[in-house]
Amino acid sequence: MFIQTESTPNPATLKFLPGQTVLEAGTADFPTAETAGKSPLAARIFEVSGVTGVFLGNDFVTVTKSDDIEWDHIKPAILGAVMEHYQSGAPVMEDDGAKSSGHADFEGADSEIVNQIKELLDSRVRPAVAQDGGDITFHGFERGVVYLHMQGACAGCPSSTLTLKMGIENLLRHYIPEVTEVRPVGV
């Protein structure tokens, strides 16, 4: 098994490409070791000292490290953890049931606008941020403001504000006049 790595715009995250499917559908975000219980792969990666986050995509694993540790010191251990996981035959997710889109549900008068927002996110935004090892999902819409949840490499990335304001906000405002602003939300 040969695992490739790619840098991301976030210097604290690295994208690992195991050369096979990680998740059949959707994504899974584990911002802490405590949240990784339903993923044997994420739990194994969190055993590496200095790992602070694991994000699983279709064909990649994004790992976030603490600022006080260099990639050169933990990258070999993470590569080993990913390889050991795939050689063990264990599932990536223990509860591999129904996957959601990742977007928050929305009911109300603006549901048609929200459906347009989700469609633009799915068709234009999410494929691009997946290339950088992250994901952006719809969290809410209120009085013209779209609230988005940033995951994986996007969470805590120095360029995420620029991506939100100059990229996503401009895109949504262009196609959906009711959108006036885009804001990130925490976990």
# chains A, B, ... in the order shown; residues from 1 in each chain; ligands from 1
>>> residues_around(residues="stretch 10-14 of chain A", least_positions_apart="3", cutoff="6 Å", atoms="only C-alpha atoms", output="list in words")
Ser7, Thr62, Val63, Thr64, Lys65, Ala153 and Cys157 of chain A
>>> select_by_dssp(residues="stretch 124-159 of chain A", states="strand (DSSP E)", output="list in words")
Gly134, Asp135, Ile136, Thr137, Phe138, His139, Gly140, Phe141, Glu142, Val145, Val146, Tyr147, Leu148, His149, Met150, Gln151 and Gly152 of chain A
>>> write_last_selection(atoms="C-alpha atoms", output="PDB file, in the first residue's frame")
ATOM      1  CA  GLY A 134     -11.941  19.975   3.878  1.00  0.00           C
ATOM      2  CA  ASP A 135     -15.649  20.514   3.645  1.00  0.00           C
ATOM      3  CA  ILE A 136     -18.116  23.361   4.076  1.00  0.00           C
ATOM      4  CA  THR A 137     -21.717  22.638   4.995  1.00  0.00           C
ATOM      5  CA  PHE A 138     -24.856  24.706   5.431  1.00  0.00           C
ATOM      6  CA  HIS A 139     -25.686  25.503   9.057  1.00  0.00           C
ATOM      7  CA  GLY A 140     -28.399  28.156   8.859  1.00  0.00           C
ATOM      8  CA  PHE A 141     -29.967  31.110   7.089  1.00  0.00           C
ATOM      9  CA  GLU A 142     -31.411  34.127   8.841  1.00  0.00           C
ATOM     10  CA  VAL A 145     -27.016  35.815   6.404  1.00  0.00           C
ATOM     11  CA  VAL A 146     -25.828  32.315   5.485  1.00  0.00           C
ATOM     12  CA  TYR A 147     -24.085  30.415   8.298  1.00  0.00           C
ATOM     13  CA  LEU A 148     -21.599  27.767   7.164  1.00  0.00           C
ATOM     14  CA  HIS A 149     -19.729  25.109   9.111  1.00  0.00           C
ATOM     15  CA  MET A 150     -16.099  24.601   8.078  1.00  0.00           C
ATOM     16  CA  GLN A 151     -14.514  21.172   8.599  1.00  0.00           C
ATOM     17  CA  GLY A 152     -11.209  19.414   8.030  1.00  0.00           C
TER      18      GLY A 152
END
>>> closest_residue(among="A:Asp132, A:Thr35, A:Gly144, A:Pro18", to="A:Gln87", atoms="only C-alpha atoms")
A:Pro18
>>> residues_around(residues="A:Met83", least_positions_apart="5", cutoff="10 Å", atoms="only C-alpha atoms", output="list in words")
Met1, Phe2, Ile3, Pro18, Leu41, Ala77, Ile78 and Ser88 of chain A
>>> residues_around(residues="A:Val92", least_positions_apart="5", cutoff="8 Å", atoms="only C-alpha atoms", output="mmCIF file with N, CA and C atoms, in the first residue's frame")
data_model
loop_
_atom_site.group_PDB
_atom_site.id
_atom_site.type_symbol
_atom_site.label_atom_id
_atom_site.label_comp_id
_atom_site.auth_asym_id
_atom_site.auth_seq_id
_atom_site.Cartn_x
_atom_site.Cartn_y
_atom_site.Cartn_z
ATOM 1 N N VAL A 22 -12.209 5.922 1.191
ATOM 2 C CA VAL A 22 -12.241 6.077 2.647
ATOM 3 C C VAL A 22 -13.694 6.015 3.106
ATOM 4 N N LEU A 23 -14.532 6.896 2.575
ATOM 5 C CA LEU A 23 -15.977 6.877 2.855
ATOM 6 C C LEU A 23 -16.735 6.769 1.539
ATOM 7 N N SER A 39 -15.322 5.630 14.660
ATOM 8 C CA SER A 39 -14.421 5.389 13.535
ATOM 9 C C SER A 39 -13.123 4.757 14.024
ATOM 10 N N PRO A 40 -12.958 3.458 13.779
ATOM 11 C CA PRO A 40 -11.694 2.814 14.160
ATOM 12 C C PRO A 40 -10.472 3.477 13.503
ATOM 13 N N LEU A 41 -10.636 3.965 12.271
ATOM 14 C CA LEU A 41 -9.522 4.639 11.585
ATOM 15 C C LEU A 41 -9.158 5.932 12.302
ATOM 16 N N ALA A 42 -10.146 6.778 12.582
ATOM 17 C CA ALA A 42 -9.875 8.046 13.261
ATOM 18 C C ALA A 42 -9.301 7.798 14.650
#
>>> atom_distance(atom1="atom CA of A:Ala81", atom2="atom CA of A:Ile45")
5.7 Å
>>> closest_atom_pairs(of="stretch 14-59 of chain A", to="stretch 120-127 of chain A", cutoff="12 Å", atoms="only C-alpha atoms", output="CSV")
residue,atom,partner,partner_atom,distance
A:Gly26,CA,A:Arg126,CA,10.8
A:Thr27,CA,A:Arg126,CA,10.9
A:Gly57,CA,A:Pro127,CA,10.8
A:Asn58,CA,A:Pro127,CA,10.8
>>> select_by_dssp(residues="stretch 14-168 of chain A", states="helix (DSSP H, G or I)", output="number ranges by chain")
A: 33-38, 40-46, 71-88, 111-131, 160-168
>>> atom_distance(atom1="atom CA of A:Phe55", atom2="atom CA of A:Ala43")
11.4 Å
>>> residues_around(residues="A:Arg173", least_positions_apart="4", cutoff="12 Å", atoms="only C-alpha atoms", output="number ranges by chain")
A: 113, 116-117, 120, 144-146, 164-169, 177-182
>>> atom_distance(atom1="atom CA of A:Asp67", atom2="atom CA of A:Thr5")
18.8 Å
